[in-house]
Structure formats: structure tokens, C-alpha cells
file target12.cif (mmCIF, C-alpha atoms)
data_protein
loop_
_atom_site.label_atom_id
_atom_site.label_comp_id
_atom_site.auth_asym_id
_atom_site.auth_seq_id
_atom_site.Cartn_x
_atom_site.Cartn_y
_atom_site.Cartn_z
CA MET A 250 31.46 41.79 -54.48
CA SER A 251 29.72 39.82 -51.82
CA GLY A 252 27.72 41.57 -49.05
CA GLY A 253 26.77 40.57 -45.45
CA VAL A 254 28.17 40.69 -41.98
CA GLY A 255 30.68 38.10 -40.80
CA MET A 256 30.57 36.44 -37.35
CA ARG A 257 33.42 37.19 -35.03
CA PRO A 258 35.41 34.16 -33.73
CA GLY A 259 34.40 34.88 -30.11
CA ALA A 260 30.69 34.97 -30.94
CA LEU A 261 30.98 31.73 -32.90
CA ALA A 262 32.62 30.03 -29.94
CA LEU A 263 29.89 31.30 -27.62
CA CYS A 264 27.14 29.87 -29.87
CA LEU A 265 28.90 26.54 -30.17
CA GLY A 266 29.33 26.42 -26.41
CA ALA A 267 25.63 27.15 -25.83
CA ALA A 268 24.62 24.43 -28.27
CA ALA A 269 26.93 21.96 -26.58
CA GLY A 270 25.54 22.93 -23.16
CA ALA A 271 21.97 22.42 -24.35
CA ALA A 272 22.87 19.00 -25.76
CA GLN A 273 24.54 18.03 -22.48
CA ALA A 274 21.48 19.20 -20.54
CA GLN A 275 19.22 17.09 -22.74
CA ASP A 276 21.51 14.09 -22.31
CA SER A 277 21.51 14.65 -18.53
CA THR A 278 17.70 14.93 -18.40
CA GLY A 279 17.31 11.78 -20.45
CA ALA A 280 19.76 9.90 -18.24
CA ARG A 281 17.94 11.03 -15.08
CA LEU A 282 14.58 10.00 -16.57
CA VAL A 283 15.89 6.54 -17.39
CA GLU A 284 17.39 6.26 -13.91
CA ASP A 285 14.12 7.26 -12.22
CA LEU A 286 12.10 4.83 -14.35
CA MET A 287 14.50 1.99 -13.60
CA ALA A 288 14.18 2.72 -9.87
CA ILE A 289 10.37 2.59 -10.14
CA VAL A 290 10.55 -0.76 -11.95
CA GLU A 291 13.10 -2.17 -9.50
CA TYR A 292 11.03 -1.41 -6.40
CA ALA A 293 7.60 -2.10 -7.88
CA PRO A 294 5.64 -4.60 -5.73
CA ILE A 295 3.93 -7.49 -7.51
CA THR A 296 0.87 -8.93 -5.80
CA ALA A 297 -0.80 -12.29 -6.44
CA GLU A 298 -4.24 -12.81 -4.90
CA VAL A 299 -6.30 -16.00 -5.02
CA SER A 300 -9.83 -16.14 -3.56
CA ALA A 301 -12.38 -18.93 -3.24
CA PHE A 302 -16.10 -18.58 -2.48
CA TYR A 303 -18.79 -21.11 -1.75
CA HIS A 304 -22.37 -19.93 -1.61
CA ARG A 305 -25.71 -21.54 -1.02
CA ASP A 306 -28.61 -20.66 -3.26
CA PRO A 307 -32.33 -21.00 -2.52
CA PHE A 308 -32.83 -22.42 -6.00
CA PRO A 309 -32.12 -26.21 -6.06
CA GLY A 310 -28.96 -27.25 -7.83
CA ASP A 311 -27.45 -23.76 -7.88
CA ASP A 312 -25.01 -24.18 -4.98
CA ARG A 313 -21.53 -23.67 -6.30
CA ALA A 314 -17.96 -22.71 -5.56
CA LEU A 315 -16.16 -19.90 -7.37
CA GLY A 316 -12.46 -19.15 -7.66
CA PHE A 317 -10.88 -15.81 -8.52
CA ALA A 318 -7.25 -14.87 -9.18
CA ARG A 319 -5.60 -11.50 -9.69
CA LEU A 320 -1.99 -10.68 -10.48
CA SER A 321 -1.11 -7.00 -10.26
CA ALA A 322 1.92 -4.71 -10.18
CA GLU A 323 2.36 -1.14 -8.98
CA PHE A 324 4.74 1.10 -10.90
CA ALA A 325 4.53 4.46 -9.16
CA GLY A 326 6.82 7.25 -8.09
CA PRO A 327 8.42 10.60 -8.94
CA VAL A 328 10.40 11.18 -12.13
CA LEU A 329 12.71 14.12 -12.76
CA ASP A 330 11.89 16.95 -10.35
CA SER A 331 8.21 17.73 -10.81
CA TRP A 332 6.59 14.73 -12.46
CA GLU A 333 4.96 11.61 -11.06
CA ILE A 334 3.61 8.50 -12.76
CA ARG A 335 1.38 5.64 -11.69
CA PHE A 336 0.69 2.49 -13.71
CA THR A 337 -0.95 -0.54 -12.10
CA PRO A 338 -1.50 -3.34 -14.63
CA GLU A 339 -3.47 -6.39 -13.55
CA PHE A 340 -4.47 -9.81 -14.80
CA ASN A 341 -7.88 -11.24 -13.82
CA ALA A 342 -9.22 -14.78 -14.08
CA ASP A 343 -12.00 -16.76 -12.41
CA THR A 344 -14.06 -19.91 -12.70
CA GLY A 345 -17.37 -18.02 -12.93
CA ASP A 346 -18.63 -15.20 -15.12
CA ARG A 347 -16.84 -12.16 -13.75
CA ALA A 348 -13.65 -12.01 -15.82
CA GLY A 349 -13.67 -11.78 -19.61
CA SER A 350 -10.89 -12.19 -22.14
CA GLY A 351 -8.53 -9.90 -23.98
CA PHE A 352 -6.96 -6.54 -23.12
CA ARG A 353 -8.91 -3.42 -22.14
CA ILE A 354 -7.60 -0.18 -20.71
CA ASP A 355 -11.13 1.20 -20.27
CA GLU A 356 -13.77 -0.33 -17.98
CA ARG A 357 -16.85 -0.27 -20.20
CA GLY A 358 -17.09 -4.04 -20.50
CA ARG A 359 -19.74 -6.03 -18.63
CA ARG A 360 -16.99 -8.22 -17.20
CA ARG A 361 -13.53 -7.52 -15.82
CA PRO A 362 -10.84 -7.53 -18.51
CA ALA A 363 -8.43 -10.42 -18.44
CA LEU A 364 -5.62 -7.90 -18.83
CA GLY A 365 -6.12 -4.26 -17.88
CA ALA A 366 -4.95 -1.49 -15.57
CA GLU A 367 -6.55 -0.17 -12.40
CA GLU A 368 -4.86 3.20 -12.89
CA ALA A 369 -2.57 4.72 -15.53
CA TRP A 370 -1.71 8.41 -15.23
CA VAL A 371 1.03 11.01 -15.34
CA SER A 372 1.07 14.07 -13.10
CA ARG A 373 2.88 17.40 -13.17
CA VAL A 374 3.44 19.42 -9.99
CA GLU A 375 4.29 23.10 -10.22
CA GLY A 376 4.09 25.00 -6.93
CA PRO A 377 0.55 24.68 -5.54
CA TRP A 378 -0.76 23.33 -8.87
CA THR A 379 -1.04 19.66 -9.83
CA VAL A 380 -2.25 18.52 -13.25
CA THR A 381 -2.99 14.81 -13.74
CA LEU A 382 -3.96 13.11 -17.00
CA GLY A 383 -4.99 9.48 -17.41
CA LYS A 384 -7.03 6.76 -15.79
CA GLN A 385 -7.62 7.80 -12.17
CA ILE A 386 -9.45 6.86 -8.96
CA PHE A 387 -10.81 9.72 -6.85
CA SER A 388 -11.74 9.86 -3.15
CA TRP A 389 -13.93 12.81 -2.29
CA GLY A 390 -16.00 11.57 0.63
CA ALA A 391 -15.68 12.31 4.34
CA ALA A 392 -17.56 9.22 5.55
CA ASP A 393 -15.90 5.85 6.09
CA LEU A 394 -18.57 3.27 5.19
CA TYR A 395 -21.04 5.03 2.87
CA SER A 396 -20.39 8.24 0.95
CA PRO A 397 -23.13 10.02 -1.05
CA THR A 398 -20.66 12.55 -2.54
CA ASP A 399 -17.95 10.13 -3.65
CA ASP A 400 -19.40 9.13 -7.02
CA LEU A 401 -16.99 10.32 -9.72
CA ASN A 402 -15.89 6.73 -10.28
CA ALA A 403 -18.11 3.90 -11.46
CA ARG A 404 -18.03 0.72 -9.39
CA ASP A 405 -17.58 -2.98 -9.96
CA LYS A 406 -20.64 -4.57 -8.28
CA LEU A 407 -20.12 -8.16 -9.41
CA ASP A 408 -19.45 -9.26 -5.81
CA LEU A 409 -22.13 -7.35 -3.92
CA PRO A 410 -22.29 -6.12 -1.26
CA ASP A 411 -18.55 -5.60 -1.81
CA THR A 412 -17.73 -3.01 -4.48
CA GLU A 413 -14.55 -1.71 -6.09
CA LYS A 414 -14.01 1.62 -7.81
CA LEU A 415 -13.24 1.58 -11.53
CA GLY A 416 -10.61 3.97 -12.84
CA ALA A 417 -11.96 6.83 -14.95
CA PRO A 418 -10.05 8.43 -17.85
CA ALA A 419 -9.88 12.02 -16.69
CA LEU A 420 -8.09 15.35 -16.60
CA SER A 421 -7.68 16.60 -13.05
CA VAL A 422 -6.40 20.06 -12.05
CA GLY A 423 -5.66 20.65 -8.37
CA TYR A 424 -4.62 23.67 -6.35
CA ALA A 425 -3.53 23.19 -2.74
CA THR A 426 -2.25 25.55 -0.08
CA GLN A 427 -2.15 25.35 3.69
CA ASP A 428 -5.62 26.92 3.87
CA VAL A 429 -7.59 25.53 0.93
CA GLY A 430 -7.62 22.74 -1.62
CA LEU A 431 -9.37 22.93 -4.99
CA GLN A 432 -9.84 20.18 -7.56
CA PHE A 433 -11.48 20.30 -10.98
CA VAL A 434 -12.14 17.07 -12.88
CA PHE A 435 -13.15 16.48 -16.49
CA VAL A 436 -14.12 12.93 -17.50
CA PRO A 437 -14.66 12.80 -21.29
CA TRP A 438 -15.22 9.04 -21.54
CA PHE A 439 -18.21 7.55 -19.74
CA THR A 440 -17.74 4.43 -17.62
CA PRO A 441 -20.85 2.58 -16.31
CA ASP A 442 -21.16 0.50 -13.16
CA ARG A 443 -20.32 -3.13 -13.77
CA LEU A 444 -23.48 -5.00 -12.76
CA PRO A 445 -24.02 -8.73 -12.29
CA PRO A 446 -25.05 -10.61 -15.46
CA GLN A 447 -28.44 -12.24 -15.83
CA ASP A 448 -27.33 -15.72 -14.76
CA ASN A 449 -25.52 -14.44 -11.66
CA ARG A 450 -27.14 -15.11 -8.27
CA TRP A 451 -27.61 -11.36 -7.74
CA SER A 452 -29.61 -10.93 -10.95
CA ARG A 453 -32.64 -12.54 -9.34
CA SER A 454 -33.45 -9.07 -8.05
CA THR A 455 -35.16 -8.61 -11.47
CA ASP A 456 -37.77 -11.25 -10.53
CA PRO A 457 -40.02 -8.69 -8.78
CA LEU A 458 -40.31 -6.91 -12.14
CA ALA A 459 -41.74 -10.07 -13.63
CA ASP A 460 -44.07 -10.41 -10.63
CA ALA A 461 -45.34 -6.85 -11.08
CA ALA A 462 -45.84 -7.38 -14.80
CA ALA A 463 -47.75 -10.60 -14.13
CA LEU A 464 -50.35 -8.70 -12.10
CA THR A 465 -51.06 -6.46 -15.09
CA LEU A 466 -50.66 -8.91 -17.96
CA GLY A 467 -52.23 -11.98 -16.39
CA PHE A 468 -49.10 -14.07 -17.08
CA ARG A 469 -45.52 -14.08 -15.87
CA PRO A 470 -43.15 -12.94 -18.66
CA VAL A 471 -39.60 -14.11 -19.13
CA VAL A 472 -37.13 -11.41 -18.03
CA SER A 473 -34.38 -10.61 -20.53
CA VAL A 474 -31.53 -8.25 -19.64
CA GLY A 475 -31.13 -6.32 -22.87
CA PRO A 476 -28.50 -3.87 -24.15
CA ARG A 477 -27.07 -0.86 -22.38
CA ASP A 478 -27.91 2.54 -23.84
CA LEU A 479 -24.48 4.03 -23.11
CA PRO A 480 -24.01 7.78 -23.58
CA GLY A 481 -22.15 8.60 -26.78
CA ALA A 482 -19.11 10.77 -27.26
CA GLY A 483 -19.36 14.52 -26.73
CA LEU A 484 -19.42 17.13 -24.01
CA ASP A 485 -23.05 16.39 -23.14
CA SER A 486 -22.02 12.86 -22.16
CA SER A 487 -18.94 13.95 -20.22
CA THR A 488 -18.73 14.37 -16.47
CA PHE A 489 -17.58 17.57 -14.78
CA GLY A 490 -16.68 17.74 -11.11
CA ALA A 491 -15.36 20.34 -8.68
CA ARG A 492 -14.38 20.14 -5.02
CA VAL A 493 -13.21 22.69 -2.47
CA ALA A 494 -11.87 21.64 0.93
CA SER A 495 -10.48 23.52 3.91
CA SER A 496 -9.31 22.65 7.41
CA THR A 497 -8.69 26.27 8.47
CA LEU A 498 -11.98 27.97 7.55
CA ALA A 499 -13.45 26.74 10.86
CA PRO A 500 -10.74 25.74 13.37
CA GLY A 501 -10.94 22.05 14.22
CA TRP A 502 -13.19 21.19 11.29
CA ASP A 503 -12.38 19.66 7.90
CA LEU A 504 -15.01 20.99 5.49
CA SER A 505 -15.67 20.23 1.85
CA ALA A 506 -18.16 21.08 -0.90
CA THR A 507 -18.61 19.23 -4.20
CA ALA A 508 -20.47 19.58 -7.47
CA VAL A 509 -20.83 16.90 -10.16
CA HIS A 510 -22.66 17.02 -13.48
CA GLY A 511 -22.92 14.17 -16.00
CA PRO A 512 -24.54 10.80 -16.69
CA ALA A 513 -25.19 8.51 -13.71
CA THR A 514 -22.96 5.45 -13.57
CA ASN A 515 -25.80 3.27 -12.25
CA PRO A 516 -28.67 2.93 -14.75
CA VAL A 517 -32.41 3.02 -14.55
CA VAL A 518 -34.18 0.29 -16.49
CA ALA A 519 -36.52 0.85 -19.41
CA GLN A 520 -39.07 -1.98 -19.68
CA THR A 521 -40.31 -3.17 -23.05
CA LEU A 522 -42.68 -6.12 -23.51
CA ASN A 523 -41.97 -8.15 -26.66
CA GLY A 524 -44.43 -11.03 -26.82
CA GLY A 525 -43.90 -13.00 -23.64
CA THR A 526 -40.51 -11.45 -22.88
CA LEU A 527 -39.96 -8.43 -20.65
CA GLU A 528 -36.80 -6.80 -22.03
CA LEU A 529 -34.82 -4.56 -19.70
CA VAL A 530 -32.66 -1.85 -21.30
CA SER A 531 -30.18 0.07 -19.13
CA VAL A 532 -30.47 3.85 -19.49
CA TYR A 533 -28.04 6.29 -17.83
CA SER A 534 -29.81 9.42 -16.65
CA HIS A 535 -28.00 12.77 -16.64
CA TYR A 536 -27.92 14.51 -13.29
CA THR A 537 -26.46 17.38 -11.30
CA GLU A 538 -25.35 16.77 -7.72
CA LEU A 539 -24.42 19.34 -5.07
CA GLY A 540 -22.91 18.06 -1.84
CA GLY A 541 -20.79 18.75 1.19
CA GLY A 542 -19.10 17.02 4.07
CA PHE A 543 -17.37 17.58 7.41
CA SER A 544 -15.10 15.84 9.87
CA THR A 545 -14.13 16.92 13.37
CA ILE A 546 -12.90 15.57 16.70
CA ALA A 547 -15.24 15.49 19.70
CA GLY A 548 -13.44 14.08 22.71
CA ASP A 549 -12.39 10.53 21.89
CA TYR A 550 -14.58 10.41 18.78
CA GLU A 551 -14.01 11.42 15.18
CA VAL A 552 -17.39 12.62 13.90
CA HIS A 553 -18.16 12.96 10.20
CA GLY A 554 -21.07 13.55 7.89
CA GLU A 555 -22.06 14.16 4.28
CA ALA A 556 -25.13 15.26 2.34
CA SER A 557 -25.92 15.59 -1.35
CA LEU A 558 -28.79 16.87 -3.50
CA HIS A 559 -29.29 14.74 -6.62
CA LEU A 560 -31.25 16.42 -9.45
CA THR A 561 -32.17 14.29 -12.49
CA ARG A 562 -32.25 16.16 -15.81
CA GLU A 563 -34.83 13.86 -17.38
CA GLY A 564 -37.40 13.94 -14.62
CA ARG A 565 -39.35 10.99 -16.01
CA GLN A 566 -36.34 8.70 -15.70
CA ASP A 567 -35.48 9.04 -12.02
CA ASP A 568 -36.28 10.89 -8.80
CA ASP A 569 -34.75 13.99 -7.30
CA TYR A 570 -33.57 13.24 -3.77
CA VAL A 571 -31.38 14.20 -0.85
CA THR A 572 -29.00 11.62 0.63
CA ALA A 573 -27.22 12.15 3.93
CA VAL A 574 -25.01 10.16 6.29
CA ILE A 575 -23.65 10.91 9.74
CA GLY A 576 -21.36 8.77 11.86
CA PHE A 577 -18.39 8.42 14.15
CA ARG A 578 -15.18 6.50 14.60
CA ARG A 579 -13.71 5.57 17.99
CA ASP A 580 -10.29 4.03 18.62
CA TRP A 581 -9.22 2.20 21.77
CA LEU A 582 -5.42 1.90 21.83
CA ASP A 583 -2.76 0.50 24.14
CA ASP A 584 -4.20 -2.92 25.06
CA PRO A 585 -7.85 -2.04 25.78
CA LEU A 586 -8.71 -5.72 26.42
CA PRO A 587 -6.72 -8.82 27.40
CA GLN A 588 -4.87 -10.23 24.38
CA VAL A 589 -6.03 -7.26 22.27
CA GLU A 590 -3.80 -4.39 21.08
CA GLU A 591 -6.35 -2.09 19.43
CA VAL A 592 -10.09 -1.81 18.86
CA ARG A 593 -11.77 0.47 16.31
CA LEU A 594 -15.53 1.02 16.00
CA THR A 595 -17.11 2.86 13.09
CA ALA A 596 -20.87 3.47 12.90
CA GLU A 597 -22.98 5.49 10.45
CA TYR A 598 -26.62 6.23 9.74
CA ALA A 599 -27.70 6.83 6.12
CA MET A 600 -31.01 8.38 5.08
CA GLU A 601 -32.74 9.53 1.92
CA HIS A 602 -35.53 12.00 1.27
CA VAL A 603 -37.17 12.12 -2.17
CA THR A 604 -37.93 15.72 -3.14
CA ARG A 605 -39.59 14.82 -6.47
CA ARG A 606 -40.67 11.40 -7.63
CA ALA A 607 -40.50 10.28 -11.23
CA PRO A 608 -43.96 9.65 -12.73
CA VAL A 609 -45.33 6.25 -11.74
CA THR A 610 -46.73 5.74 -15.24
CA ASN A 611 -43.40 5.91 -17.05
CA ALA A 612 -41.45 2.89 -18.30
CA PHE A 613 -38.36 3.47 -16.15
CA VAL A 614 -37.65 1.68 -12.87
CA GLN A 615 -34.70 1.68 -10.50
CA THR A 616 -32.30 -1.23 -10.34
CA ALA A 617 -31.70 -3.03 -7.05
CA PHE A 618 -28.04 -2.01 -7.09
CA ASP A 619 -28.39 1.68 -6.19
CA ARG A 620 -29.98 3.65 -3.33
CA SER A 621 -30.37 0.45 -1.32
CA LEU A 622 -29.16 1.90 2.01
CA ALA A 623 -31.84 4.53 2.68
CA ASN A 624 -32.79 4.58 6.39
CA SER A 625 -29.96 2.20 7.24
CA VAL A 626 -27.43 1.73 10.02
CA LEU A 627 -23.93 0.63 9.02
CA GLY A 628 -21.19 -0.55 11.33
CA LYS A 629 -17.67 -1.95 11.39
CA LEU A 630 -15.81 -3.34 14.39
CA GLU A 631 -12.08 -4.08 14.01
CA VAL A 632 -10.20 -5.97 16.72
CA LYS A 633 -6.43 -6.10 16.34
CA PHE A 634 -4.99 -8.91 18.46
CA ASP A 635 -1.40 -8.20 17.47
CA GLU A 636 0.55 -6.74 14.55
CA ASP A 637 -0.36 -9.74 12.40
CA THR A 638 -3.92 -10.77 13.28
CA THR A 639 -7.14 -8.74 12.94
CA ALA A 640 -10.79 -9.77 13.24
CA THR A 641 -13.49 -7.64 11.61
CA ALA A 642 -17.28 -7.64 11.85
CA SER A 643 -19.07 -5.32 9.42
CA GLY A 644 -22.61 -5.05 8.15
CA ALA A 645 -25.72 -3.00 7.48
CA VAL A 646 -29.33 -3.02 8.68
CA ASN A 647 -32.11 -1.40 6.65
CA LEU A 648 -34.55 -0.17 9.29
CA GLU A 649 -37.35 0.35 6.78
CA ASP A 650 -37.15 -2.97 4.92
CA ARG A 651 -35.99 -4.96 7.98
CA ASP A 652 -33.23 -6.72 6.04
CA TRP A 653 -29.58 -6.98 7.00
CA THR A 654 -26.17 -8.35 6.09
CA LEU A 655 -23.18 -9.33 8.22
CA ASP A 656 -19.58 -10.05 7.20
CA LEU A 657 -17.26 -11.79 9.70
CA ASN A 658 -13.60 -11.79 8.68
CA LEU A 659 -10.30 -12.95 10.16
CA THR A 660 -7.02 -11.79 8.57
CA HIS A 661 -3.51 -12.96 9.45
CA ASP A 662 -0.14 -11.77 8.11
CA PHE A 663 2.34 -14.62 8.15
CA ASP A 664 5.10 -12.16 7.27
CA ASP A 665 5.49 -8.95 5.29
CA GLN A 666 4.61 -10.80 2.09
CA VAL A 667 1.84 -13.33 2.81
CA THR A 668 -1.68 -12.47 4.06
CA VAL A 669 -4.48 -15.00 4.53
CA ALA A 670 -8.15 -14.16 5.16
CA VAL A 671 -11.22 -16.29 5.90
CA GLY A 672 -14.78 -15.16 6.43
CA VAL A 673 -18.50 -15.62 6.07
CA GLN A 674 -21.22 -13.33 4.65
CA ILE A 675 -24.80 -13.65 5.87
CA PHE A 676 -27.98 -12.12 4.37
CA GLU A 677 -31.41 -12.02 5.99
CA GLY A 678 -34.75 -10.25 5.53
CA PRO A 679 -38.04 -10.29 3.62
CA SER A 680 -37.79 -11.76 0.13
CA ASP A 681 -38.76 -8.44 -1.51
CA SER A 682 -35.93 -6.50 0.22
CA PHE A 683 -32.40 -6.01 -1.12
CA PHE A 684 -30.48 -8.21 1.32
CA GLY A 685 -33.46 -10.45 2.05
CA ALA A 686 -33.69 -11.46 -1.61
CA TYR A 687 -30.45 -13.40 -1.06
CA SER A 688 -31.15 -14.82 2.40
CA GLY A 689 -30.34 -18.24 0.95
CA SER A 690 -27.15 -17.00 -0.72
CA ASP A 691 -24.90 -16.87 2.34
CA ARG A 692 -21.30 -17.60 1.45
CA ILE A 693 -18.02 -18.52 3.02
CA TYR A 694 -14.78 -17.33 1.50
CA SER A 695 -11.03 -17.45 1.84
CA SER A 696 -8.15 -15.66 0.16
CA ILE A 697 -4.38 -15.55 0.11
CA GLU A 698 -2.36 -12.55 -0.97
CA ILE A 699 1.36 -12.73 -1.75
CA VAL A 700 3.48 -9.63 -2.36
CA PHE A 701 6.76 -10.16 -4.17
#
call {"tool": "encode", "arguments": {"input": "target12.cif", "output": "C-alpha cells"}}
result
Amino acid sequence: MSGGVGMRPGALALCLGAAAGAAQAQDSTGARLVEDLMAIVEYAPITAEVSAFYHRDPFPGDDRALGFARLSAEFAGPVLDSWEIRFTPEFNADTGDRAGSGFRIDERGRRRPALGAEEAWVSRVEGPWTVTLGKQIFSWGAADLYSPTDDLNARDKLDLPDTEKLGAPALSVGYATQDVGLQFVFVPWFTPDRLPPQDNRWSRSTDPLADAAALTLGFRPVVSVGPRDLPGAGLDSSTFGARVASSTLAPGWDLSATAVHGPATNPVVAQTLNGGTLELVSVYSHYTELGGGFSTIAGDYEVHGEASLHLTREGRQDDDYVTAVIGFRRDWLDDPLPQVEEVRLTAEYAMEHVTRRAPVTNAFVQTAFDRSLANSVLGKLEVKFDEDTTATASGAVNLEDRDWTLDLNLTHDFDDQVTVAVGVQIFEGPSDSFFGAYSGSDRIYSSIEIVF
């Protein structure tokens, strides 16, 4: 005799129907996913940009022209009902020393990868919560020209004073309502600033180190840019960030507060004398930074400001300091001048106060590529002649060092796809100042951007 309980015909039909419904739902979800991805690919813009620079150099025989090309695509958009993706691959090439070879998804190389991706992430939205995983670019600052709290991302500084953010592999969790926005960021993989190589015109900022060593040693050593002491894997080398923002806490004010802990993306330099060579090793100090910002409207002006307290964990490696910026933006619309449609003026003042200096006797010194705008005025004037043509004058003046830079730019859109820009960058000041060190390195440039 066999035991057990048999299944009734009606129950069997119900189970088979449920299984068939689940299979149809999976097929429908898969079909919708493919449809959404195809739409993203179909409407993805492809951009080709070609730039040319010519710069003078105070060192005889170093005048040269450089060419740079970038081909990029933007695959971004929603998929299914609560997901979003963004993938922006790019190809870089140039005639100088800025672009390398091969494929890299991370940005730890000294040069730009020939084939890489600016961003590559997937995001899930569920009510007020958003979870994003992948290579991301963050914007936390309230200021327009200089932001002391917007430092989650490392920067590409190969074309100073212009910089570009480098995507960071990160996990981001956000919570947003009408009253408050929260964001928590975990960056497990360290990305350093991309600094100019030794034979780049900007690297001559290391010459003062050789001058200082010559006073002590009695001879001028050869300066060698050595290896980078990059933080290894592990939580101690990860970066943690948190931000809270609200536009309703104080009516008429956008307020934010930030906290960041991790290794600094810009290094300090450890100096080691080997024979007649002064070797410079990049070291990335751990720090904790607490900051805040605001933005409000006062009459015809948008007024904004930020401040941050930077505390270095290894006190012998770098200072503790407060950085602050305050500024305004003013727009003149509706034909403010003859032959001019719009005018926008942005101005900011940046300052720094050192609360604790690193010991003078240690072997660590700052690079010239960070904290160079203390006690400085920054400005940007944009004049829009029509929908297609805009002239821009932007620059900075360091009131303490008496050096300055000015960038004059003219941009014209021939149509919705082709944009051409021409300009000139000028540097002036004492030879031992940041901008003044390159007073002979003025350059003219042009670029064309085509969107397919």
C-alpha cells in the first residue's frame, strides 16, 4: 500500500497557472529592460573634442604646441521603473605627455587613460531613498568658483589652472524629502590627484625646493620626482563622507553641512637626499574635515559662502587650517547693453587661517598644486551676445603673493552640434609665487566640439 496525499486537479491547475504567470512576468521584465537599454543607446550623444594649445616658456627652446583629442559617449537614463544607469566611456589622445595607453576604469594612473570612463554607475530609487554604486562624481559645494568642501573627488591638474574631477568608485546612499536631504558616501578605493609630470612646464614649481636645499647643502641638487606612496587597501585607507542639506530650516536659505574622513587626494612631499639628487616622494596624509555652506538671495544678488576645518591626523605631515570663501552672483537679463542679451558676474574671496602648523624641522613640504588661493579674489564675467556667442573673462588674484592669472575666452555655437572656442591664458607675478612662476608660460588655445 502506498501512502501520501494526492493533489486535487483544481489545485494543480492553480499552481501551473501561477508558474506560467511568473514566467510571463519575467519575460515581460526582460523585454522592458532590453527596450529601455536600446532607447538609451539610440539617444546617447557622442561628442568629439579637439583642442590645440601653444605656450611660451621662459626656458629657451621649450616653446611648443600641444594637441589634445577626446571622444566620449553618454549612455544614461532610467531602466524599468526604479533604476537608473550612467556610463560615459571616453577615448583620450594628445601630442604631449598627458594621455597614456591602454584601458583603465580607475583613475590612479599618472596620465589619463587612452580608454576609460568618466562615470559608470547604477542607481536604485525607492521612495525617498536612492542607492548608487559605481564610479561617481559628486558636487557638494555651494560656491561657484572655489569650494573648500567639495573634495570627495580627486582632480586632474595636468592643465592647471584648469582642473577636472576624477570619478571615484563609491557607494552612495541618499535620502531626500521636501525638507531635508541626506547623503552618505563610502569610497573604498583611493584615487589621487593627477599632477603634472616632471618634464611638464608646471613641474618647475619644484625648483624652489632645490634652491632651499642649496642654501643648506652648499650645492644645488638635481630634483627627482620619485614614487607615490599610495594608501593600501583597507578601511583605514577608505574615505567616508556625509552631507545634510535643507532649504526649509531657515526660510530663504539653502544650508548644508559636510564631514569627510580619509586620505587627502593631494599629497605632501617627503624629501630625501641621495648623493646629489633630491628625491621627492608623494605622501597622502589622512585628515578629517568638517564644513558647511549657505546660499541665499539678497535683492538682485545670489550670495553664497562655505567654510571648512581641515585636521591632519599625522600632524608632522601637514597643517591644520580653516578655509573659507564668500561671494555673489549677479545676472543682468533682457538686453542690459546694446548688442548684448545677458551679463553674469560672479565674484568670490577665499581665505585661509592655519590653526596648527606642521613642524618646520620635518621632511614634509606642501606641493604647489594645493592651497594656492589663500587670501585671493576670484572673478568670472560672462557676456552673452546672443544664443550662440558668449565671451568670458575669468581669473584670480592672490593678494598676499601679488600674482594673478587671467583667461579670456570666446565661444560660438554654429548649430546645435558644433561649438568652437578660442582664448588666451595669462600669468603674472613674482617668480616665487604660484602664478608668477609661469609668467613666461602664457598660452593661446582653441577647441572644436562636435556632438553627434
call {"tool": "atom_distance", "arguments": {"input": "target12.cif", "atom1": "atom CA of A:Ala612", "atom2": "atom CA of A:Met600"}}
result
26.2 Å
call {"tool": "axis_aligned_box", "arguments": {"input": "target12.cif", "around": "stretch 611-626 of chain A", "padding_each_side": "4 Å", "output": "lines of an AutoDock Vina configuration file"}}
result
center_x = -35.4
center_y = 1.4
center_z = -4.1
size_x = 24.0
size_y = 16.9
size_z = 36.3
call {"tool": "residues_near_point", "arguments": {"input": "target12.cif", "point": "(-25.6, 7.7, -17.3)", "cutoff": "7 Å", "atoms": "all atoms listed in the file", "output": "list in words"}}
result
Leu479, Pro480, Pro512, Ala513, Thr514, Asn515, Pro516, Val532, Tyr533, Ser534 and His535 of chain A
call {"tool": "resolve_selection", "arguments": {"input": "target12.cif", "expression": "the PyMOL selection byres ((chain A and resi 358-360) around 10)", "output": "PyMOL selection string"}}
result
chain A and resi 346-350+353+355-357+361-363+405+407+440-446+477
call {"tool": "atom_distance", "arguments": {"input": "target12.cif", "atom1": "atom CA of A:Leu594", "atom2": "atom CA of A:Leu627"}}
result
10.9 Å
call {"tool": "resolve_selection", "arguments": {"input": "target12.cif", "expression": "the PyMOL selection byres ((chain A and resi 629-636) around 6)", "output": "short mmCIF file (atom, residue, chain, number, x, y, z; two decimals) with C-alpha atoms, in the frame of the given file"}}
result
data_model
loop_
_atom_site.label_atom_id
_atom_site.label_comp_id
_atom_site.auth_asym_id
_atom_site.auth_seq_id
_atom_site.Cartn_x
_atom_site.Cartn_y
_atom_site.Cartn_z
CA VAL A 589 -6.03 -7.26 22.27
CA GLU A 590 -3.80 -4.39 21.08
CA GLU A 591 -6.35 -2.09 19.43
CA VAL A 592 -10.09 -1.81 18.86
CA ARG A 593 -11.77 0.47 16.31
CA LEU A 594 -15.53 1.02 16.00
CA THR A 595 -17.11 2.86 13.09
CA GLY A 628 -21.19 -0.55 11.33
CA ASP A 637 -0.36 -9.74 12.40
CA THR A 638 -3.92 -10.77 13.28
CA THR A 639 -7.14 -8.74 12.94
CA ALA A 640 -10.79 -9.77 13.24
CA THR A 641 -13.49 -7.64 11.61
CA ALA A 642 -17.28 -7.64 11.85
CA SER A 643 -19.07 -5.32 9.42
#
call {"tool": "resolve_selection", "arguments": {"input": "target12.cif", "expression": "the PyMOL selection byres ((chain A and resi 426-432) around 9)", "output": "ChimeraX atom specification"}}
result
/A:377,421-425,433-434,490-498
call {"tool": "residues_around", "arguments": {"input": "target12.cif", "residues": "A:Val374", "least_positions_apart": "4", "cutoff": "6 Å", "atoms": "only C-alpha atoms", "output": "list in words"}}
result
Ser331, Trp378 and Thr379 of chain A
call {"tool": "closest_atom_pairs", "arguments": {"input": "target12.cif", "of": "stretch 329-401 of chain A", "to": "stretch 547-560 of chain A", "cutoff": "10 Å", "atoms": "all atoms listed in the file", "output": "tab-separated table"}}
result
residue	atom	partner	partner_atom	distance
A:Gly390	CA	A:Glu555	CA	7.5
A:Ala391	CA	A:His553	CA	6.4
A:Ala392	CA	A:His553	CA	6.0
A:Asp393	CA	A:His553	CA	8.5
A:Tyr395	CA	A:Glu555	CA	9.3
A:Ser396	CA	A:Glu555	CA	7.0
A:Pro397	CA	A:Ser557	CA	6.2
A:Thr398	CA	A:Ser557	CA	6.2
A:Asp399	CA	A:Glu555	CA	9.8
call {"tool": "residues_around", "arguments": {"input": "target12.cif", "residues": "stretch 681-683 of chain A", "least_positions_apart": "6", "cutoff": "7 Å", "atoms": "only C-alpha atoms", "output": "ChimeraX atom specification"}}
result
/A:617,621,650,652
call {"tool": "closest_residue", "arguments": {"input": "target12.cif", "among": "A:Glu698, A:Asp330, A:Glu538, A:Glu368", "to": "A:Ile386", "atoms": "only C-alpha atoms"}}
result
A:Glu368
call {"tool": "closest_residue", "arguments": {"input": "target12.cif", "among": "A:Gly644, A:Gly540, A:Gly416, A:Gly525", "to": "A:Ile354", "atoms": "all atoms listed in the file"}}
result
A:Gly416
